[in-house]
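Source file: protein-v3.cif. Holds: mmCIF, C-alpha atoms.
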data_work
#
loop_
_atom_site.group_PDB
_atom_site.id
_atom_site.type_symbol
_atom_site.label_atom_id
_atom_site.label_comp_id
_atom_site.auth_asym_id
_atom_site.auth_seq_id
_atom_site.Cartn_x
_atom_site.Cartn_y
_atom_site.Cartn_z
ATOM 1 C CA THR A 26 153.103 -124.292 -7.211
ATOM 2 C CA LYS A 27 149.977 -122.128 -7.707
ATOM 3 C CA SER A 28 151.230 -119.636 -5.134
ATOM 4 C CA LEU A 29 154.576 -119.396 -6.870
ATOM 5 C CA PHE A 30 153.037 -118.787 -10.262
ATOM 6 C CA ASN A 31 150.589 -116.218 -8.941
ATOM 7 C CA PHE A 32 153.585 -114.334 -7.578
ATOM 8 C CA TYR A 33 156.003 -114.973 -10.461
ATOM 9 C CA SER A 34 153.805 -114.678 -13.522
ATOM 10 C CA SER A 35 156.485 -113.973 -16.081
ATOM 11 C CA THR A 36 157.825 -116.452 -18.632
ATOM 12 C CA THR A 37 161.302 -116.107 -17.187
ATOM 13 C CA ALA A 38 160.109 -117.198 -13.758
ATOM 14 C CA ILE A 39 158.336 -120.236 -15.226
ATOM 15 C CA MET A 40 161.410 -121.456 -17.067
ATOM 16 C CA THR A 41 163.681 -120.734 -14.094
ATOM 17 C CA ILE A 42 161.546 -122.872 -11.790
ATOM 18 C CA THR A 43 161.347 -125.591 -14.459
ATOM 19 C CA ARG A 44 165.128 -125.699 -14.722
ATOM 20 C CA PHE A 45 165.415 -125.776 -10.948
ATOM 21 C CA LEU A 46 162.944 -128.677 -10.571
ATOM 22 C CA SER A 47 164.178 -130.773 -13.483
ATOM 23 C CA PRO A 48 167.200 -132.355 -11.727
ATOM 24 C CA PHE A 49 164.875 -133.620 -9.011
ATOM 25 C CA LEU A 50 162.024 -134.756 -11.243
ATOM 26 C CA ILE A 51 163.862 -136.148 -14.256
ATOM 27 C CA LYS A 52 166.326 -138.868 -13.388
ATOM 28 C CA SER A 53 165.297 -141.787 -15.605
ATOM 29 C CA TYR A 54 162.363 -143.203 -17.494
ATOM 30 C CA LYS A 55 162.085 -145.899 -14.818
ATOM 31 C CA GLN A 56 160.996 -143.444 -12.120
ATOM 32 C CA GLN A 57 157.392 -143.335 -13.260
ATOM 33 C CA TYR A 58 155.953 -142.469 -9.874
ATOM 34 C CA GLN A 59 157.848 -139.203 -9.777
ATOM 35 C CA ILE A 60 156.526 -138.331 -13.217
ATOM 36 C CA ARG A 61 153.008 -138.365 -11.768
ATOM 37 C CA THR A 62 154.113 -135.362 -9.731
ATOM 38 C CA ILE A 63 154.917 -133.628 -13.019
ATOM 39 C CA GLY A 64 151.362 -134.339 -14.145
ATOM 40 C CA THR A 65 150.047 -132.451 -11.125
ATOM 41 C CA PHE A 66 152.613 -129.748 -11.843
ATOM 42 C CA PHE A 67 151.218 -129.324 -15.369
ATOM 43 C CA HIS A 68 147.579 -129.112 -14.331
ATOM 44 C CA SER A 69 148.303 -126.618 -11.575
ATOM 45 C CA ILE A 70 149.739 -124.104 -14.053
ATOM 46 C CA LYS A 71 147.238 -124.622 -16.888
ATOM 47 C CA GLY A 72 149.258 -127.019 -19.015
ATOM 48 C CA ASP A 73 148.268 -125.677 -22.467
ATOM 49 C CA ASN A 74 149.887 -122.284 -21.911
ATOM 50 C CA TYR A 75 152.902 -123.878 -20.280
ATOM 51 C CA TYR A 76 153.289 -126.307 -23.157
ATOM 52 C CA LYS A 77 153.806 -123.478 -25.679
ATOM 53 C CA ILE A 78 156.656 -122.156 -23.571
ATOM 54 C CA ALA A 79 158.196 -125.461 -22.578
ATOM 55 C CA VAL A 80 158.456 -127.031 -26.034
ATOM 56 C CA ASN A 81 161.000 -124.398 -26.962
ATOM 57 C CA ASP A 82 163.207 -125.487 -24.108
ATOM 58 C CA ARG A 83 165.120 -128.770 -24.096
ATOM 59 C CA ILE A 84 164.281 -129.464 -20.446
ATOM 60 C CA GLY A 85 160.624 -128.596 -20.830
ATOM 61 C CA GLU A 86 160.330 -130.855 -23.864
ATOM 62 C CA GLY A 87 161.904 -133.680 -21.870
ATOM 63 C CA ILE A 88 159.379 -133.227 -19.056
ATOM 64 C CA ILE A 89 156.436 -133.297 -21.447
ATOM 65 C CA GLN A 90 157.694 -136.362 -23.272
ATOM 66 C CA LYS A 91 158.167 -138.267 -20.023
ATOM 67 C CA TYR A 92 154.765 -137.128 -18.746
ATOM 68 C CA TYR A 93 152.903 -138.596 -21.700
ATOM 69 C CA THR A 94 155.104 -141.692 -21.763
ATOM 70 C CA THR A 95 154.175 -142.311 -18.138
ATOM 71 C CA ARG A 96 150.467 -141.768 -18.721
ATOM 72 C CA ASN A 97 150.565 -144.549 -21.323
ATOM 73 C CA TYR A 98 152.578 -146.672 -18.908
ATOM 74 C CA ARG A 99 149.833 -146.352 -16.274
ATOM 75 C CA LYS A 100 147.218 -147.563 -18.739
ATOM 76 C CA LYS A 101 149.355 -150.559 -19.644
ATOM 77 C CA GLN A 102 149.957 -151.289 -15.949
ATOM 78 C CA ASN A 103 146.197 -151.459 -15.310
ATOM 79 C CA GLN A 104 145.827 -153.800 -18.270
ATOM 80 C CA ARG A 105 148.584 -156.053 -16.917
ATOM 81 C CA GLU A 106 146.738 -156.152 -13.583
ATOM 82 C CA LEU A 107 143.640 -157.501 -15.316
ATOM 83 C CA GLU A 108 145.697 -160.014 -17.285
ATOM 84 C CA GLU A 109 147.485 -161.154 -14.122
ATOM 85 C CA ASN A 110 144.185 -161.904 -12.407
ATOM 86 C CA GLN A 111 143.026 -163.852 -15.445
ATOM 87 C CA ASN A 112 146.309 -165.757 -15.817
ATOM 88 C CA ASN A 113 146.343 -166.727 -12.146
ATOM 89 C CA PHE A 114 142.909 -168.159 -12.608
ATOM 90 C CA ASN A 115 143.830 -169.954 -15.833
ATOM 91 C CA ASN A 116 146.498 -171.854 -13.933
ATOM 92 C CA ASP A 117 143.774 -173.532 -11.929
ATOM 93 C CA LYS A 118 142.970 -177.063 -13.123
ATOM 94 C CA ASP A 119 139.228 -176.393 -13.204
ATOM 95 C CA SER A 120 139.413 -172.861 -14.568
ATOM 96 C CA LYS A 121 137.264 -173.499 -17.632
ATOM 97 C CA ASN A 122 134.388 -174.761 -15.543
ATOM 98 C CA ASP A 123 134.618 -172.322 -12.674
ATOM 99 C CA ILE A 124 131.167 -170.780 -12.522
ATOM 100 C CA LEU A 125 132.194 -168.600 -9.580
ATOM 101 C CA LEU A 126 134.784 -166.610 -11.499
ATOM 102 C CA GLN A 127 132.459 -166.303 -14.468
ATOM 103 C CA GLY A 128 129.794 -164.918 -12.157
ATOM 104 C CA ILE A 129 132.214 -162.368 -10.704
ATOM 105 C CA SER A 130 133.503 -161.391 -14.126
ATOM 106 C CA ASN A 131 130.021 -161.058 -15.638
ATOM 107 C CA SER A 132 128.694 -158.842 -12.844
ATOM 108 C CA GLU A 133 128.317 -155.359 -14.304
ATOM 109 C CA THR A 134 127.130 -153.477 -11.218
ATOM 110 C CA LEU A 135 127.753 -153.557 -7.498
ATOM 111 C CA ASN A 136 124.242 -154.892 -6.950
ATOM 112 C CA ASP A 137 125.040 -157.794 -9.276
ATOM 113 C CA LEU A 138 128.161 -158.569 -7.257
ATOM 114 C CA LEU A 139 126.362 -158.364 -3.927
ATOM 115 C CA HIS A 140 123.609 -160.635 -5.199
ATOM 116 C CA PHE A 141 126.246 -163.107 -6.373
ATOM 117 C CA GLN A 142 127.987 -162.870 -2.995
ATOM 118 C CA HIS A 143 124.713 -163.710 -1.249
ATOM 119 C CA GLN A 144 124.245 -166.775 -3.444
ATOM 120 C CA SER A 145 127.767 -168.183 -3.514
ATOM 121 C CA ILE A 146 129.820 -166.842 -0.601
ATOM 122 C CA THR A 147 130.108 -170.248 1.109
ATOM 123 C CA GLU A 148 131.876 -171.590 -1.980
ATOM 124 C CA PHE A 149 134.391 -168.759 -2.321
ATOM 125 C CA GLN A 150 138.038 -169.768 -2.197
ATOM 126 C CA PRO A 151 140.940 -167.313 -1.706
ATOM 127 C CA PHE A 152 141.316 -166.520 -5.378
ATOM 128 C CA HIS A 153 137.591 -165.904 -5.783
ATOM 129 C CA ILE A 154 137.682 -163.532 -2.810
ATOM 130 C CA SER A 155 140.602 -161.471 -4.127
ATOM 131 C CA SER A 156 139.031 -161.389 -7.612
ATOM 132 C CA PHE A 157 135.697 -160.322 -6.130
ATOM 133 C CA LEU A 158 137.323 -157.456 -4.232
ATOM 134 C CA TYR A 159 139.293 -156.364 -7.267
ATOM 135 C CA LYS A 160 136.066 -156.236 -9.260
ATOM 136 C CA VAL A 161 134.402 -154.153 -6.534
ATOM 137 C CA THR A 162 137.233 -151.598 -6.584
ATOM 138 C CA GLN A 163 136.754 -151.191 -10.337
ATOM 139 C CA LEU A 164 133.124 -150.137 -9.848
ATOM 140 C CA ARG A 165 134.068 -146.772 -8.377
ATOM 141 C CA LYS A 166 130.800 -145.066 -9.282
ATOM 142 C CA ASP A 167 128.811 -147.601 -7.265
ATOM 143 C CA LEU A 168 130.971 -147.591 -4.150
ATOM 144 C CA GLN A 169 129.136 -144.793 -2.383
ATOM 145 C CA SER A 170 125.937 -146.861 -2.388
ATOM 146 C CA ILE A 171 127.662 -149.152 0.144
ATOM 147 C CA ASN A 172 127.245 -146.396 2.734
ATOM 148 C CA ASN A 173 123.527 -147.203 2.871
ATOM 149 C CA ASP A 174 124.424 -150.600 4.332
ATOM 150 C CA PRO A 175 127.937 -150.561 5.883
ATOM 151 C CA LYS A 176 127.645 -154.219 6.911
ATOM 152 C CA VAL A 177 126.986 -155.436 3.372
ATOM 153 C CA PHE A 178 130.405 -157.138 3.200
ATOM 154 C CA ASP A 179 130.177 -158.868 6.572
ATOM 155 C CA PRO A 180 129.566 -162.302 4.943
ATOM 156 C CA LEU A 181 132.687 -161.793 2.820
ATOM 157 C CA LEU A 182 134.795 -160.750 5.802
ATOM 158 C CA SER A 183 133.611 -163.811 7.715
ATOM 159 C CA ARG A 184 134.516 -166.017 4.756
ATOM 160 C CA ILE A 185 138.001 -164.517 4.643
ATOM 161 C CA ILE A 186 138.510 -165.306 8.334
ATOM 162 C CA THR A 187 137.272 -168.867 7.782
ATOM 163 C CA THR A 188 139.562 -169.596 4.831
ATOM 164 C CA VAL A 189 142.538 -167.370 5.699
ATOM 165 C CA LYS A 190 144.889 -170.306 6.286
ATOM 166 C CA ASP A 191 144.425 -171.293 2.636
ATOM 167 C CA PHE A 192 145.585 -167.917 1.319
ATOM 168 C CA ASP A 193 148.888 -167.690 -0.523
ATOM 169 C CA ALA A 194 150.913 -164.457 -0.585
ATOM 170 C CA PRO A 195 149.325 -162.969 -3.757
ATOM 171 C CA SER A 196 145.752 -163.642 -2.581
ATOM 172 C CA LEU A 197 146.532 -162.343 0.896
ATOM 173 C CA ALA A 198 148.036 -159.131 -0.481
ATOM 174 C CA ARG A 199 145.241 -158.533 -3.000
ATOM 175 C CA THR A 200 142.574 -159.208 -0.380
ATOM 176 C CA ALA A 201 144.093 -156.830 2.174
ATOM 177 C CA HIS A 202 144.602 -154.219 -0.535
ATOM 178 C CA GLY A 203 141.008 -154.545 -1.738
ATOM 179 C CA ILE A 204 139.450 -154.298 1.731
ATOM 180 C CA ALA A 205 141.626 -151.292 2.606
ATOM 181 C CA LYS A 206 140.781 -149.525 -0.626
ATOM 182 C CA ILE A 207 137.036 -150.080 -0.207
ATOM 183 C CA SER A 208 136.983 -149.145 3.481
ATOM 184 C CA SER A 209 138.913 -145.934 2.807
ATOM 185 C CA GLN A 210 136.313 -144.832 0.254
ATOM 186 C CA THR A 211 133.170 -145.941 2.084
ATOM 187 C CA LYS A 212 131.777 -146.306 5.581
ATOM 188 C CA ILE A 213 132.029 -150.084 5.861
ATOM 189 C CA SER A 214 133.003 -151.245 9.313
ATOM 190 C CA VAL A 215 135.994 -153.587 9.558
ATOM 191 C CA ASP A 216 136.754 -154.825 13.048
ATOM 192 C CA PRO A 217 140.439 -154.585 14.129
ATOM 193 C CA SER A 218 140.350 -158.329 14.837
ATOM 194 C CA PHE A 219 140.053 -158.862 11.072
ATOM 195 C CA TRP A 220 143.361 -157.099 10.453
ATOM 196 C CA LYS A 221 144.928 -158.976 13.348
ATOM 197 C CA VAL A 222 144.089 -162.283 11.650
ATOM 198 C CA LEU A 223 145.557 -161.096 8.339
ATOM 199 C CA GLU A 224 148.665 -159.864 10.140
ATOM 200 C CA GLU A 225 149.241 -163.226 11.806
ATOM 201 C CA GLU A 226 148.982 -165.057 8.490
ATOM 202 C CA ALA A 227 151.152 -162.554 6.624
ATOM 203 C CA VAL A 228 153.961 -162.897 9.147
ATOM 204 C CA LYS A 229 154.025 -166.662 8.549
ATOM 205 C CA VAL A 230 154.611 -166.292 4.789
ATOM 206 C CA GLU A 231 158.247 -166.733 3.836
ATOM 207 C CA LEU A 232 158.246 -165.874 0.127
ATOM 208 C CA TRP A 233 156.894 -162.535 -1.032
ATOM 209 C CA GLU A 234 157.131 -160.752 -4.358
ATOM 210 C CA ALA A 235 157.890 -157.044 -4.262
ATOM 211 C CA ARG A 236 154.471 -155.915 -5.471
ATOM 212 C CA HIS A 237 152.681 -158.084 -2.924
ATOM 213 C CA MET A 238 154.805 -156.782 -0.063
ATOM 214 C CA SER A 239 154.109 -153.191 -1.068
ATOM 215 C CA ARG A 240 150.372 -153.861 -1.386
ATOM 216 C CA ILE A 241 149.894 -155.462 1.990
ATOM 217 C CA LEU A 242 151.971 -152.814 3.780
ATOM 218 C CA TRP A 243 150.008 -150.107 1.976
ATOM 219 C CA ALA A 244 146.748 -151.769 3.071
ATOM 220 C CA PHE A 245 147.642 -151.858 6.771
ATOM 221 C CA ALA A 246 148.848 -148.257 6.672
ATOM 222 C CA LYS A 247 145.779 -147.095 4.776
ATOM 223 C CA VAL A 248 143.424 -148.312 7.508
ATOM 224 C CA ASN A 249 145.750 -146.982 10.245
ATOM 225 C CA TYR A 250 146.243 -150.412 11.766
ATOM 226 C CA ASN A 251 149.411 -150.441 13.851
ATOM 227 C CA SER A 252 151.352 -153.570 12.927
ATOM 228 C CA PRO A 253 154.979 -153.409 14.090
ATOM 229 C CA GLU A 254 155.418 -157.175 13.844
ATOM 230 C CA LEU A 255 154.370 -157.272 10.184
ATOM 231 C CA PHE A 256 156.453 -154.240 9.227
ATOM 232 C CA SER A 257 159.502 -155.592 11.055
ATOM 233 C CA SER A 258 159.219 -158.980 9.376
ATOM 234 C CA MET A 259 158.876 -157.301 5.979
ATOM 235 C CA ALA A 260 161.858 -155.002 6.460
ATOM 236 C CA LEU A 261 164.452 -157.740 5.957
ATOM 237 C CA LYS A 262 162.548 -159.221 3.018
ATOM 238 C CA ILE A 263 162.356 -155.809 1.379
ATOM 239 C CA MET A 264 166.073 -155.129 1.768
ATOM 240 C CA SER A 265 167.024 -158.506 0.326
ATOM 241 C CA ASN A 266 164.685 -158.061 -2.669
ATOM 242 C CA LEU A 267 165.049 -154.344 -3.296
ATOM 243 C CA ASP A 268 166.076 -154.808 -6.938
ATOM 244 C CA GLU A 269 162.651 -156.311 -7.687
ATOM 245 C CA PHE A 270 160.781 -153.171 -6.639
ATOM 246 C CA ASN A 271 159.604 -150.806 -9.336
ATOM 247 C CA SER A 272 158.993 -147.146 -8.574
ATOM 248 C CA GLN A 273 155.325 -147.675 -7.676
ATOM 249 C CA ASP A 274 156.199 -150.505 -5.258
ATOM 250 C CA LEU A 275 158.865 -148.347 -3.625
ATOM 251 C CA ALA A 276 156.547 -145.373 -3.332
ATOM 252 C CA ASN A 277 153.771 -147.441 -1.712
ATOM 253 C CA THR A 278 156.222 -149.098 0.660
ATOM 254 C CA VAL A 279 157.890 -145.870 1.776
ATOM 255 C CA TRP A 280 154.494 -144.205 2.199
ATOM 256 C CA ALA A 281 153.289 -147.118 4.360
#
Take the structure in the file and give it back as structure tokens.
Amino acid sequence: TKSLFNFYSSTTAIMTITRFLSPFLIKSYKQQYQIRTIGTFFHSIKGDNYYKIAVNDRIGEGIIQKYYTTRNYRKKQNQRELEENQNNFNNDKDSKNDILLQGISNSETLNDLLHFQHQSITEFQPFHISSFLYKVTQLRKDLQSINNDPKVFDPLLSRIITTVKDFDAPSLARTAHGIAKISSQTKISVDPSFWKVLEEEAVKVELWEARHMSRILWAFAKVNYNSPELFSSMALKIMSNLDEFNSQDLANTVWA
């Protein structure tokens, strides 16, 4: 896009390209993932100047409206993620007295979480593990400190292997997603045997929701773990549940 606009700097060229792209980028409000591409499109051409031109054009105004609608959608999606984790926990009979989740939730830094892991890892159940990993991924500023000790999560990985048969589909997907996200941003070492164990358990699961299928496939692809058996088993499930996939689920699945 930058190359194009360096070459075609005139207003006419900008609006011509906008009109050309619009049929591909604007299909419906439901295709939020595509709208993220428009966000990149804006920033690459210095959005403020483009805005003054685009608001005078029906197509440009439509792009801008959908861009900001989608940005709000992303914020709400993150909030729903937090609420989902909390609601899943609230369904537990002993949720009010679960000191483990309170400890995870109250940890404000990565050091707090690691200290809590050291104290309580032997008591972690699947939901605690997936919640712990989700909390770690939210502490983005602290993640790089993990590189000083790449084996810091070894106790957690061992606990996952020990309790993996107790994982349901949501916990399995969130755990794989969390480990993949952390390992892709740090230097932690995850042995291939770990992913083999997760693969074997995932293949056994019969009922998957769309978002959980997309997450676990994304996780295996993100760490470059070749898993033809898992992907083959998911293919039929995906086709039979395609209507349940939102645009983000579809994008993650196709990318994987």
Restricting to all atoms listed in the file, whichever of A:Asp137, A:Asp274, A:Asp193, A:Asp268 is closest to A:Arg240 is A:Asp274
Take the point (142.9, -155.3, -2.5) in the file's coordinates, draw a sphere of radius 12 Å around it, and report as a PDB file with C-alpha atoms, in the coordinates of the input every protein, DNA or RNA residue with an atom inside or on it, counting only C-alpha atoms.
ATOM      1  CA  GLU A 106     146.738-156.152 -13.583  1.00  0.00           C
ATOM      2  CA  ASN A 110     144.185-161.904 -12.407  1.00  0.00           C
ATOM      3  CA  PHE A 152     141.316-166.520  -5.378  1.00  0.00           C
ATOM      4  CA  ILE A 154     137.682-163.532  -2.810  1.00  0.00           C
ATOM      5  CA  SER A 155     140.602-161.471  -4.127  1.00  0.00           C
ATOM      6  CA  SER A 156     139.031-161.389  -7.612  1.00  0.00           C
ATOM      7  CA  PHE A 157     135.697-160.322  -6.130  1.00  0.00           C
ATOM      8  CA  LEU A 158     137.323-157.456  -4.232  1.00  0.00           C
ATOM      9  CA  TYR A 159     139.293-156.364  -7.267  1.00  0.00           C
ATOM     10  CA  LYS A 160     136.066-156.236  -9.260  1.00  0.00           C
ATOM     11  CA  VAL A 161     134.402-154.153  -6.534  1.00  0.00           C
ATOM     12  CA  THR A 162     137.233-151.598  -6.584  1.00  0.00           C
ATOM     13  CA  GLN A 163     136.754-151.191 -10.337  1.00  0.00           C
ATOM     14  CA  PRO A 195     149.325-162.969  -3.757  1.00  0.00           C
ATOM     15  CA  SER A 196     145.752-163.642  -2.581  1.00  0.00           C
ATOM     16  CA  LEU A 197     146.532-162.343   0.896  1.00  0.00           C
ATOM     17  CA  ALA A 198     148.036-159.131  -0.481  1.00  0.00           C
ATOM     18  CA  ARG A 199     145.241-158.533  -3.000  1.00  0.00           C
ATOM     19  CA  THR A 200     142.574-159.208  -0.380  1.00  0.00           C
ATOM     20  CA  ALA A 201     144.093-156.830   2.174  1.00  0.00           C
ATOM     21  CA  HIS A 202     144.602-154.219  -0.535  1.00  0.00           C
ATOM     22  CA  GLY A 203     141.008-154.545  -1.738  1.00  0.00           C
ATOM     23  CA  ILE A 204     139.450-154.298   1.731  1.00  0.00           C
ATOM     24  CA  ALA A 205     141.626-151.292   2.606  1.00  0.00           C
ATOM     25  CA  LYS A 206     140.781-149.525  -0.626  1.00  0.00           C
ATOM     26  CA  ILE A 207     137.036-150.080  -0.207  1.00  0.00           C
ATOM     27  CA  SER A 208     136.983-149.145   3.481  1.00  0.00           C
ATOM     28  CA  SER A 209     138.913-145.934   2.807  1.00  0.00           C
ATOM     29  CA  ARG A 236     154.471-155.915  -5.471  1.00  0.00           C
ATOM     30  CA  HIS A 237     152.681-158.084  -2.924  1.00  0.00           C
ATOM     31  CA  SER A 239     154.109-153.191  -1.068  1.00  0.00           C
ATOM     32  CA  ARG A 240     150.372-153.861  -1.386  1.00  0.00           C
ATOM     33  CA  ILE A 241     149.894-155.462   1.990  1.00  0.00           C
ATOM     34  CA  LEU A 242     151.971-152.814   3.780  1.00  0.00           C
ATOM     35  CA  TRP A 243     150.008-150.107   1.976  1.00  0.00           C
ATOM     36  CA  ALA A 244     146.748-151.769   3.071  1.00  0.00           C
ATOM     37  CA  PHE A 245     147.642-151.858   6.771  1.00  0.00           C
ATOM     38  CA  LYS A 247     145.779-147.095   4.776  1.00  0.00           C
TER      39      LYS A 247
END
Students should find that atom CA of A:Gln169 and atom CA of A:Thr211 are spaced 6.1 Å
Q.
Using all atoms listed in the file, can you tell me which of A:Ser257, A:Ser272, A:Asn249, A:Asn136 comes closest to A:Asp167?
A.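 For A:Asp167, the nearest of the candidates is A:Asn136.
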Neighbour list for A:Ser145 as a PDB file with C-alpha atoms, in the frame of the given file, cut-off 12 Å, only C-alpha atoms, skip fewer than 3 positions in-chain:
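Written out: result39.pdb:
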ATOM      1  CA  ILE A 124     131.167-170.780 -12.522  1.00  0.00           C
ATOM      2  CA  LEU A 125     132.194-168.600  -9.580  1.00  0.00           C
ATOM      3  CA  LEU A 126     134.784-166.610 -11.499  1.00  0.00           C
ATOM      4  CA  GLY A 128     129.794-164.918 -12.157  1.00  0.00           C
ATOM      5  CA  ILE A 129     132.214-162.368 -10.704  1.00  0.00           C
ATOM      6  CA  LEU A 138     128.161-158.569  -7.257  1.00  0.00           C
ATOM      7  CA  LEU A 139     126.362-158.364  -3.927  1.00  0.00           C
ATOM      8  CA  HIS A 140     123.609-160.635  -5.199  1.00  0.00           C
ATOM      9  CA  PHE A 141     126.246-163.107  -6.373  1.00  0.00           C
ATOM     10  CA  GLN A 142     127.987-162.870  -2.995  1.00  0.00           C
ATOM     11  CA  GLU A 148     131.876-171.590  -1.980  1.00  0.00           C
ATOM     12  CA  PHE A 149     134.391-168.759  -2.321  1.00  0.00           C
ATOM     13  CA  GLN A 150     138.038-169.768  -2.197  1.00  0.00           C
ATOM     14  CA  HIS A 153     137.591-165.904  -5.783  1.00  0.00           C
ATOM     15  CA  ILE A 154     137.682-163.532  -2.810  1.00  0.00           C
ATOM     16  CA  PHE A 157     135.697-160.322  -6.130  1.00  0.00           C
ATOM     17  CA  PRO A 180     129.566-162.302   4.943  1.00  0.00           C
ATOM     18  CA  LEU A 181     132.687-161.793   2.820  1.00  0.00           C
ATOM     19  CA  ARG A 184     134.516-166.017   4.756  1.00  0.00           C
TER      20      ARG A 184
END
